[in-house]
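Here's structure26.csv, which has CSV, C-alpha atoms and all ligand atoms:
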```
chain,number,residue,atom,x,y,z
A,1,MET,CA,0.0,0.0,0.0
A,2,GLN,CA,1.2,3.5,-0.8
A,3,TRP,CA,2.5,5.5,2.2
A,4,GLY,CA,-0.2,8.2,1.8
A,5,MET,CA,-3.0,5.7,1.7
A,6,ALA,CA,-1.6,3.8,4.7
A,7,ASN,CA,-1.1,7.0,6.6
A,8,ARG,CA,-4.7,8.2,5.9
A,9,LEU,CA,-6.2,4.9,6.9
A,10,ALA,CA,-4.2,5.0,10.1
A,11,GLN,CA,-5.6,8.5,10.9
A,12,LEU,CA,-9.1,6.9,10.7
A,13,ILE,CA,-8.6,3.4,12.1
A,14,GLN,CA,-6.9,3.7,15.5
A,15,ALA,CA,-3.9,1.6,16.7
A,16,ASP,CA,-6.3,-0.9,18.4
A,17,GLY,CA,-7.8,-1.6,15.0
A,18,HIS,CA,-11.1,0.2,15.9
A,19,ALA,CA,-12.8,3.4,14.9
A,20,LEU,CA,-15.5,5.8,16.0
A,21,PHE,CA,-16.6,8.0,13.1
A,22,LEU,CA,-19.1,10.7,13.8
A,23,PRO,CA,-21.4,11.3,10.7
A,24,VAL,CA,-22.9,14.8,10.5
A,25,ASP,CA,-23.6,14.7,6.8
A,26,HIS,CA,-27.3,14.2,7.0
A,27,GLY,CA,-28.2,17.7,5.8
A,28,TYR,CA,-26.9,16.9,2.3
A,29,PHE,CA,-30.3,15.4,1.5
A,30,GLN,CA,-32.4,15.9,4.7
A,31,GLY,CA,-31.8,19.6,5.2
A,32,PRO,CA,-31.8,20.8,8.8
A,33,THR,CA,-32.1,17.4,10.5
A,34,ARG,CA,-33.4,17.4,14.1
A,35,LYS,CA,-30.6,18.4,16.5
A,36,LEU,CA,-28.3,19.1,13.6
A,37,GLU,CA,-30.0,22.4,12.7
A,38,VAL,CA,-26.9,24.4,13.8
A,39,PRO,CA,-24.1,22.0,12.9
A,40,ARG,CA,-21.4,23.7,15.0
A,41,GLN,CA,-23.5,23.4,18.2
A,42,THR,CA,-23.9,19.7,17.5
A,43,ILE,CA,-20.3,19.0,16.5
A,44,GLU,CA,-18.2,21.0,18.9
A,45,PRO,CA,-19.0,19.1,22.2
A,46,LEU,CA,-18.7,15.7,20.5
A,47,LEU,CA,-15.5,16.3,18.6
A,48,PRO,CA,-13.0,15.4,21.3
A,49,TYR,CA,-14.5,11.9,21.5
A,50,ALA,CA,-14.7,11.1,17.7
A,51,ASP,CA,-11.9,9.6,15.7
A,52,ALA,CA,-13.1,11.2,12.5
A,53,LEU,CA,-16.0,13.3,11.2
A,54,PHE,CA,-18.1,12.3,8.1
A,55,ILE,CA,-19.1,15.6,6.7
A,56,THR,CA,-19.8,17.6,3.6
A,57,ARG,CA,-17.5,20.4,2.4
A,58,GLY,CA,-20.1,23.1,3.2
A,59,VAL,CA,-20.5,22.1,6.8
A,60,LEU,CA,-16.8,21.5,7.2
A,61,ARG,CA,-15.9,24.9,6.0
A,62,SER,CA,-18.7,26.8,7.9
A,63,SER,CA,-18.9,24.9,11.1
A,64,VAL,CA,-15.5,23.3,12.0
A,65,ASP,CA,-12.4,25.3,12.9
A,66,PRO,CA,-9.4,24.0,11.0
A,67,ASP,CA,-7.1,24.3,14.0
A,68,HIS,CA,-9.3,22.1,16.2
A,69,ALA,CA,-10.4,19.5,13.6
A,70,LYS,CA,-10.3,15.8,13.6
A,71,PRO,CA,-9.6,13.7,10.5
A,72,VAL,CA,-12.2,14.2,7.9
A,73,ILE,CA,-14.1,11.7,5.7
A,74,LEU,CA,-15.5,14.0,3.1
A,75,ARG,CA,-19.0,13.2,1.8
A,76,VAL,CA,-18.7,13.6,-1.9
A,77,SER,CA,-21.9,12.1,-3.3
A,78,GLY,CA,-25.3,13.8,-3.4
A,79,GLY,CA,-27.6,15.8,-5.7
A,80,THR,CA,-30.9,14.4,-4.3
A,81,SER,CA,-33.3,15.5,-1.5
A,82,MET,CA,-36.0,14.0,0.7
A,83,VAL,CA,-38.6,15.7,-1.4
A,84,GLY,CA,-37.2,14.8,-4.8
A,85,LYS,CA,-38.2,11.9,-7.0
A,86,ASP,CA,-35.6,9.3,-6.0
A,87,LEU,CA,-33.0,9.5,-3.3
A,88,ALA,CA,-30.9,6.9,-5.1
A,89,ASN,CA,-30.2,9.1,-8.1
A,90,GLU,CA,-26.9,10.5,-6.6
A,91,GLY,CA,-23.9,11.8,-8.5
A,92,LEU,CA,-20.5,13.0,-7.4
A,93,THR,CA,-20.7,16.5,-5.8
A,94,THR,CA,-17.1,17.2,-4.9
A,95,SER,CA,-13.8,16.7,-6.8
A,96,ILE,CA,-10.8,14.8,-5.5
A,97,GLU,CA,-8.8,18.1,-5.8
A,98,GLU,CA,-11.3,19.7,-3.3
A,99,ALA,CA,-10.8,16.7,-1.0
A,100,LEU,CA,-7.0,17.3,-1.2
A,101,ARG,CA,-7.4,21.0,-0.5
A,102,LEU,CA,-9.6,20.2,2.5
A,103,ASN,CA,-6.9,17.8,3.7
A,104,ALA,CA,-9.5,15.0,3.8
A,105,SER,CA,-8.3,11.6,5.2
A,106,ALA,CA,-10.9,9.8,3.1
A,107,VAL,CA,-13.9,10.4,0.8
A,108,GLY,CA,-17.3,8.8,1.3
A,109,ILE,CA,-20.0,8.0,-1.3
A,110,SER,CA,-23.4,6.2,-1.2
A,111,ILE,CA,-24.3,3.2,-3.3
A,112,PHE,CA,-27.9,2.1,-3.8
A,113,VAL,CA,-27.8,-1.6,-4.6
A,114,GLY,CA,-31.1,-2.8,-5.9
A,115,SER,CA,-32.4,0.6,-6.8
A,116,ASP,CA,-33.1,2.0,-10.3
A,117,TYR,CA,-29.8,3.8,-10.0
A,118,GLU,CA,-27.7,0.8,-8.9
A,119,LYS,CA,-25.5,0.9,-12.0
A,120,GLU,CA,-24.9,4.7,-11.8
A,121,THR,CA,-24.0,4.7,-8.1
A,122,LEU,CA,-21.7,1.7,-8.5
A,123,LEU,CA,-19.9,3.3,-11.4
A,124,ASN,CA,-19.6,6.5,-9.4
A,125,LEU,CA,-17.9,4.4,-6.7
A,126,ALA,CA,-15.6,2.8,-9.1
A,127,ARG,CA,-14.6,6.2,-10.6
A,128,LEU,CA,-14.1,7.7,-7.2
A,129,VAL,CA,-11.9,4.7,-6.2
A,130,ASP,CA,-9.8,5.3,-9.4
A,131,GLU,CA,-9.3,9.0,-8.4
A,132,GLY,CA,-8.7,8.3,-4.8
A,133,GLU,CA,-6.1,5.6,-5.5
A,134,ARG,CA,-4.3,8.0,-7.7
A,135,TYR,CA,-3.8,10.4,-4.8
A,136,GLY,CA,-3.7,7.9,-1.9
A,137,ILE,CA,-7.1,8.8,-0.6
A,138,PRO,CA,-9.2,5.9,0.7
A,139,VAL,CA,-12.9,5.7,-0.3
A,140,MET,CA,-15.6,4.8,2.3
A,141,ALA,CA,-18.6,3.3,0.5
A,142,VAL,CA,-22.0,3.9,2.3
A,143,THR,CA,-24.4,1.1,1.6
A,144,ALA,CA,-27.5,3.3,1.6
A,145,VAL,CA,-31.0,1.9,1.9
A,146,GLY,CA,-32.9,5.1,1.0
A,147,ARG,CA,-36.3,5.1,2.7
A,148,GLU,CA,-36.5,1.3,2.5
A,149,MET,CA,-35.4,0.4,6.0
A,150,GLU,CA,-36.6,-3.2,5.5
A,151,LYS,CA,-33.5,-3.7,3.4
A,152,ARG,CA,-31.6,-3.8,6.7
A,153,ASP,CA,-31.2,-7.6,6.5
A,154,ALA,CA,-28.0,-9.7,6.3
A,155,ARG,CA,-28.7,-11.0,2.8
A,156,TYR,CA,-29.1,-7.6,1.3
A,157,LEU,CA,-26.3,-5.9,3.3
A,158,ALA,CA,-23.8,-8.7,2.7
A,159,LEU,CA,-24.5,-8.3,-1.1
A,160,ALA,CA,-24.1,-4.5,-1.0
A,161,CYS,CA,-20.9,-4.6,1.2
A,162,ARG,CA,-19.2,-7.2,-0.9
A,163,ILE,CA,-19.9,-5.3,-4.1
A,164,ALA,CA,-18.5,-2.1,-2.5
A,165,ALA,CA,-15.3,-4.0,-1.5
A,166,GLU,CA,-15.0,-5.6,-4.9
A,167,LEU,CA,-15.1,-2.2,-6.5
A,168,GLY,CA,-12.3,-1.0,-4.4
A,169,ALA,CA,-13.7,0.7,-1.3
A,170,ARG,CA,-11.2,0.7,1.5
A,171,VAL,CA,-13.9,0.9,4.2
A,172,VAL,CA,-17.6,0.0,4.0
A,173,LYS,CA,-20.3,1.6,6.1
A,174,THR,CA,-23.4,-0.5,6.6
A,175,TYR,CA,-26.2,-1.0,9.1
A,176,TRP,CA,-26.2,-3.5,11.9
A,177,CYS,CA,-28.7,-6.3,11.4
A,178,PRO,CA,-29.4,-9.8,12.9
A,179,ASN,CA,-26.8,-12.3,11.7
A,180,PHE,CA,-24.4,-9.5,11.2
A,181,GLU,CA,-21.5,-12.0,11.0
A,182,LYS,CA,-22.7,-12.9,7.5
A,183,VAL,CA,-22.2,-9.3,6.4
A,184,VAL,CA,-18.7,-9.0,7.9
A,185,ILE,CA,-17.4,-12.4,6.8
A,186,GLY,CA,-18.3,-11.7,3.1
A,187,CYS,CA,-16.6,-8.3,3.1
A,188,PRO,CA,-12.8,-8.3,2.8
A,189,VAL,CA,-12.3,-4.7,4.0
A,190,PRO,CA,-13.2,-3.1,7.4
A,191,VAL,CA,-16.9,-2.6,8.1
A,192,VAL,CA,-18.3,0.2,10.3
A,193,MET,CA,-21.9,0.4,11.5
A,194,ALA,CA,-24.4,3.2,11.2
A,195,GLY,CA,-27.5,3.4,13.4
A,196,GLY,CA,-30.3,4.8,11.2
A,197,PRO,CA,-33.1,6.7,12.9
A,198,GLN,CA,-33.0,7.1,16.7
A,199,VAL,CA,-34.1,3.9,18.5
A,200,ASN,CA,-36.1,3.8,21.7
A,201,THR,CA,-33.5,3.2,24.4
A,202,GLU,CA,-29.8,3.8,24.9
A,203,LEU,CA,-29.4,0.1,25.8
A,204,GLU,CA,-30.7,-1.0,22.4
A,205,VAL,CA,-27.9,1.1,20.8
A,206,PHE,CA,-25.3,-0.3,23.1
A,207,GLU,CA,-26.5,-3.9,22.4
A,208,PHE,CA,-26.4,-3.6,18.7
A,209,VAL,CA,-23.0,-1.9,18.6
A,210,HIS,CA,-21.6,-4.5,21.0
A,211,ASP,CA,-23.0,-7.4,18.9
A,212,GLY,CA,-21.6,-5.9,15.7
A,213,LEU,CA,-18.2,-5.4,17.2
A,214,GLU,CA,-18.2,-9.0,18.5
A,215,LYS,CA,-19.1,-10.2,15.0
A,216,GLY,CA,-16.1,-8.4,13.4
A,217,SER,CA,-17.1,-4.8,12.7
A,218,ILE,CA,-14.2,-2.4,13.4
A,219,GLY,CA,-16.5,0.2,14.9
A,220,VAL,CA,-19.2,2.7,14.1
A,221,ASN,CA,-20.2,5.6,11.9
A,222,LEU,CA,-23.0,6.5,14.3
A,223,GLY,CA,-24.9,9.8,14.0
A,224,ARG,CA,-28.5,10.3,15.1
A,225,ASN,CA,-28.4,7.8,17.9
A,226,ILE,CA,-25.6,10.0,19.4
A,227,TRP,CA,-26.5,13.6,18.6
A,228,GLN,CA,-30.3,13.2,18.8
A,229,ASN,CA,-29.9,11.8,22.3
A,230,ASP,CA,-30.8,14.2,25.1
A,231,PHE,CA,-27.3,13.7,26.5
A,232,PRO,CA,-25.1,13.4,23.4
A,233,VAL,CA,-21.7,13.7,25.2
A,234,ALA,CA,-22.7,10.9,27.6
A,235,MET,CA,-23.8,8.8,24.7
A,236,ILE,CA,-20.6,9.2,22.7
A,237,LYS,CA,-18.5,8.5,25.8
A,238,ALA,CA,-20.5,5.2,26.3
A,239,ILE,CA,-20.1,4.3,22.6
A,240,ARG,CA,-16.4,5.1,22.8
A,241,ALA,CA,-16.0,2.6,25.7
A,242,LEU,CA,-17.7,-0.1,23.6
A,243,VAL,CA,-15.5,0.6,20.5
A,244,HIS,CA,-12.2,1.2,22.2
A,245,GLN,CA,-12.3,-0.3,25.6
A,246,LYS,CA,-14.3,-3.5,25.0
A,247,ALA,CA,-17.0,-2.4,27.4
A,248,THR,CA,-20.1,-4.5,27.7
A,249,PRO,CA,-23.6,-3.0,27.0
A,250,LYS,CA,-24.2,-2.9,30.8
A,251,GLU,CA,-20.9,-1.1,31.3
A,252,ALA,CA,-21.8,1.4,28.5
A,253,GLN,CA,-25.1,2.0,30.2
A,254,GLU,CA,-23.4,2.7,33.5
A,255,ILE,CA,-21.1,5.2,31.8
A,256,TYR,CA,-24.1,6.9,30.1
A,257,ASP,CA,-26.0,7.0,33.4
A,258,SER,CA,-23.1,8.5,35.3
A,259,GLU,CA,-22.0,11.0,32.5
A,260,LYS,CA,-25.4,12.3,31.8
A,261,GLY,CA,-25.6,13.8,35.3
A,262,LYS,CA,-22.7,16.1,34.2
A,263,GLU,CA,-24.4,17.4,31.1
A,264,LYS,CA,-27.1,19.9,30.5
A,265,LYS,CA,-30.1,18.2,28.7
A,266,ARG,CA,-30.0,19.1,25.0
A,267,SER,CA,-33.2,20.7,23.9
B,301,LIG,C1,-26.5,9.6,5.8
B,301,LIG,C2,-25.3,8.8,6.1
B,301,LIG,C3,-24.9,8.8,7.5
B,301,LIG,O1,-23.6,9.1,7.6
B,301,LIG,C4,-25.2,7.4,8.1
B,301,LIG,O2,-26.5,7.0,7.8
B,301,LIG,C5,-24.9,7.3,9.6
B,301,LIG,O3,-25.7,8.1,10.3
B,301,LIG,P1,-26.9,7.5,11.2
B,301,LIG,O4,-26.2,6.7,12.3
B,301,LIG,O5,-27.6,8.7,11.7
B,301,LIG,O6,-27.7,6.6,10.3
B,301,LIG,O7,-24.7,8.2,5.3
B,301,LIG,O8,-26.8,9.5,4.5
```

So, in terms of structure tokens, how does the structure I just supplied come out?
Amino acid sequence: MQWGMANRLAQLIQADGHALFLPVDHGYFQGPTRKLEVPRQTIEPLLPYADALFITRGVLRSSVDPDHAKPVILRVSGGTSMVGKDLANEGLTTSIEEALRLNASAVGISIFVGSDYEKETLLNLARLVDEGERYGIPVMAVTAVGREMEKRDARYLALACRIAAELGARVVKTYWCPNFEKVVIGCPVPVVMAGGPQVNTELEVFEFVHDGLEKGSIGVNLGRNIWQNDFPVAMIKAIRALVHQKATPKEAQEIYDSEKGKEKKRS
């Protein structure tokens, strides 16, 4: 592996082999997502506990100070919205030169396997991998499910993750699902888990993250279940303990319960 590629991956995946990515890219198709309305307010308190931010160039430039930044995974696909015809019809929004200018450690792109735009999004990934490899920039493929959350099953996610890896993604982001080992076993590059919409209890989050880690995921790219929580700093500290300190779900819950007392409830 080229030095630059290896170095960038090492900025993202920590020495213990694990990673906590904090995605705040949701506005690129959802607009002002709940509790991400003012990105700086959401990002700043959480930044010390994240290994990297998954973010668009617009929010990076406007809402993150360059002298206090963490490694950046730059979201470079988009062009659709919640109110448009088809979320899957994404193109590339940001050039590789812009990723270099912004000192990105990686670029991230969604693929929509099984959608009407499967071919286009997969070819976008392949093109981005070609460009990224030229400059030593890893590509994280995001196995998007659009509005069809029922696609969060092992058969579908294993298919999408494997295709992403075959096309050259260096890291794949997917969703946790029952029988998650089937997703990880079939994917020859590191897998990180997203959370999707906020679930009912913190313990549910701790349990699925723990299960996914046990089954071979290297960590998380977890957004709404952290920053939509009433106590996001307590939440990210608990998730960090799962990812980097091998905490159990019960221990993560104890961390959350004790840390939330130190934090003002987020309105
Ligand atoms: C949005 C994304 C997000 O980065 C990803 O879904 C993770 O966030 P969350 O845990 O909130 O689902 O790709 O398109």

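By all atoms listed in the file, and with residues fewer than 3 positions from segment 134-137 of chain A along its chain excluded, the set lying at most 6 Å from it is Gly4, Met5, Ala106 and Glu131 of chain A.
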
Take the residues from that selection and put them in a file with C-alpha atoms, as a PDB file, in the frame of the given file.
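Final file, again-v3.pdb:
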```pdb
ATOM      1  CA  GLY A   4      -0.200   8.200   1.800  1.00  0.00           C
ATOM      2  CA  MET A   5      -3.000   5.700   1.700  1.00  0.00           C
ATOM      3  CA  ALA A 106     -10.900   9.800   3.100  1.00  0.00           C
ATOM      4  CA  GLU A 131      -9.300   9.000  -8.400  1.00  0.00           C
TER       5      GLU A 131
END
```

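Closest to Phe21 of chain A among A:Arg162, A:Arg34, A:Arg240, A:Lys182 is A:Arg240, based on all atoms listed in the file.
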
Around ligand LIG 301 (chain B), at most 7 Å away and counting only C-alpha atoms and all ligand atoms, which residues are there? Put them as a PyMOL selection string, please.
chain A and resi 23-26+54+110+142+144+194-197+221-225

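Taking only C-alpha atoms, the non-local environment of Glu133 of chain A within 12 Å (same-chain residues fewer than 4 positions away omitted) comprises Met1, Gln2, Trp3, Gly4, Met5, Ala6, Arg8, Ile96, Ala106, Val107, Leu125, Ala126, Arg127, Leu128, Val129, Ile137, Pro138, Val139, Leu167, Gly168, Ala169 and Arg170 of chain A.
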
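Residues lying within 8 Å of Asn89 of chain A, counting all atoms listed in the file and ignoring same-chain neighbours fewer than 4 positions away, are A:Gly79, A:Thr80, A:Asp116, A:Tyr117, A:Glu120, A:Thr121.
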
Would you kindly return, as a ChimeraX atom specification, each protein, DNA or RNA residue with an atom no farther than 10 Å from any atom of Pro45 of chain A, considering only C-alpha atoms and excluding same-chain residues fewer than 5 positions away?
/A:40,227,232-233

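Distance-wise, atom CA of Arg155 of chain A and atom CA of Ser217 of chain A end up 16.5 Å apart.
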
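Taking atom CA of Gly132 of chain A and atom CA of His244 of chain A as the two end points, the separation is 28.1 Å.
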
Is there a way to get, as an MDAnalysis selection string, all residues within 12 Å of the point (-23.7, 2.2, 33.8) in file coordinates, counting only C-alpha atoms?
chainID A and resid 202:203 206 234:235 237:239 241 247:261

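Using all atoms listed in the file, the smallest distance between any of A:Ile236, A:Leu46, A:Val38, A:Val209 and Val59 of chain A comes from A:Val38.
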
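Restricting the calculation to all atoms listed in the file, the smallest distance between Ala69 of chain A and any of A:Ala15, A:Ile43, A:Met82, A:Val172 is found for A:Ile43.
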
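Distance-wise, atom CA of Gly216 of chain A and atom CA of Val191 of chain A end up 7.9 Å apart.
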
Using all atoms listed in the file, determine which residues lie at most 12 Å from Ser81 of chain A, disregarding the query and same-chain residues fewer than 5 positions distant; provide the list as a ChimeraX atom specification.
/A:26-32,86-90,146-147

Residue among A:Asn124, A:Gln11, A:Thr33, A:Thr42 lying closest to Lys70 of chain A, counting all atoms listed in the file:
A:Gln11

Using all atoms listed in the file, can you tell me which of A:Gly108, A:Leu22, A:Ser62, A:Lys35 comes closest to Asp230 of chain A?
A:Lys35

Considering only C-alpha atoms, can you say which of A:Asp153, A:Glu44, A:Glu148, A:Asp16 comes closest to Thr174 of chain A?
A:Asp153

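The list of residues within 12 Å of (-10.9, 18.3, -3.7), counted using all atoms listed in the file, is Thr56, Arg57, Ile73, Leu74, Arg75, Val76, Leu92, Thr93, Thr94, Ser95, Ile96, Glu97, Glu98, Ala99, Leu100, Arg101, Leu102, Asn103, Ala104, Ser105, Ala106, Val107, Leu128, Glu131, Gly132, Tyr135 and Ile137 of chain A.
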
What would the file be for segment 16-37 of chain A if you keep N, CA and C atoms and write it as a CSV table (one decimal), in the first residue's frame?
```csv
chain,number,residue,atom,x,y,z
A,16,ASP,N,-5.6,0.4,17.9
A,16,ASP,CA,-6.3,-0.9,18.4
A,16,ASP,C,-7.1,-1.5,17.3
A,17,GLY,N,-7.1,-1.0,16.1
A,17,GLY,CA,-7.8,-1.6,15.0
A,17,GLY,C,-9.3,-1.2,14.9
A,18,HIS,N,-9.7,-0.2,15.8
A,18,HIS,CA,-11.1,0.2,15.9
A,18,HIS,C,-11.3,1.6,15.6
A,19,ALA,N,-12.5,2.0,15.3
A,19,ALA,CA,-12.8,3.4,14.9
A,19,ALA,C,-14.2,3.9,15.3
A,20,LEU,N,-14.2,5.1,15.7
A,20,LEU,CA,-15.5,5.8,16.0
A,20,LEU,C,-15.6,7.0,15.1
A,21,PHE,N,-16.4,6.8,14.0
A,21,PHE,CA,-16.6,8.0,13.1
A,21,PHE,C,-17.9,8.6,13.5
A,22,LEU,N,-17.9,9.9,13.4
A,22,LEU,CA,-19.1,10.7,13.8
A,22,LEU,C,-19.7,11.3,12.5
A,23,PRO,N,-20.8,10.8,12.0
A,23,PRO,CA,-21.4,11.3,10.7
A,23,PRO,C,-22.3,12.5,11.1
A,24,VAL,N,-22.1,13.6,10.4
A,24,VAL,CA,-22.9,14.8,10.5
A,24,VAL,C,-23.3,15.3,9.1
A,25,ASP,N,-23.4,14.4,8.2
A,25,ASP,CA,-23.6,14.7,6.8
A,25,ASP,C,-25.0,14.7,6.4
A,26,HIS,N,-25.9,14.4,7.3
A,26,HIS,CA,-27.3,14.2,7.0
A,26,HIS,C,-28.0,15.3,6.2
A,27,GLY,N,-27.6,16.5,6.4
A,27,GLY,CA,-28.2,17.7,5.8
A,27,GLY,C,-28.1,17.6,4.3
A,28,TYR,N,-27.2,16.8,3.7
A,28,TYR,CA,-26.9,16.9,2.3
A,28,TYR,C,-28.2,16.4,1.5
A,29,PHE,N,-29.0,15.7,2.2
A,29,PHE,CA,-30.3,15.4,1.5
A,29,PHE,C,-31.5,15.6,2.4
A,30,GLN,N,-31.3,15.7,3.7
A,30,GLN,CA,-32.4,15.9,4.7
A,30,GLN,C,-32.6,17.3,5.1
A,31,GLY,N,-31.7,18.2,4.7
A,31,GLY,CA,-31.8,19.6,5.2
A,31,GLY,C,-31.5,19.7,6.7
A,32,PRO,N,-32.1,20.6,7.4
A,32,PRO,CA,-31.8,20.8,8.8
A,32,PRO,C,-32.4,19.7,9.7
A,33,THR,N,-31.7,18.6,9.7
A,33,THR,CA,-32.1,17.4,10.5
A,33,THR,C,-32.2,17.8,12.0
A,34,ARG,N,-33.2,17.1,12.6
A,34,ARG,CA,-33.4,17.4,14.1
A,34,ARG,C,-32.1,17.3,14.9
A,35,LYS,N,-31.8,18.3,15.6
A,35,LYS,CA,-30.6,18.4,16.5
A,35,LYS,C,-29.3,18.5,15.7
A,36,LEU,N,-29.5,18.7,14.4
A,36,LEU,CA,-28.3,19.1,13.6
A,36,LEU,C,-28.6,20.4,12.8
A,37,GLU,N,-29.6,21.1,13.4
A,37,GLU,CA,-30.0,22.4,12.7
A,37,GLU,C,-28.8,23.4,12.6
```
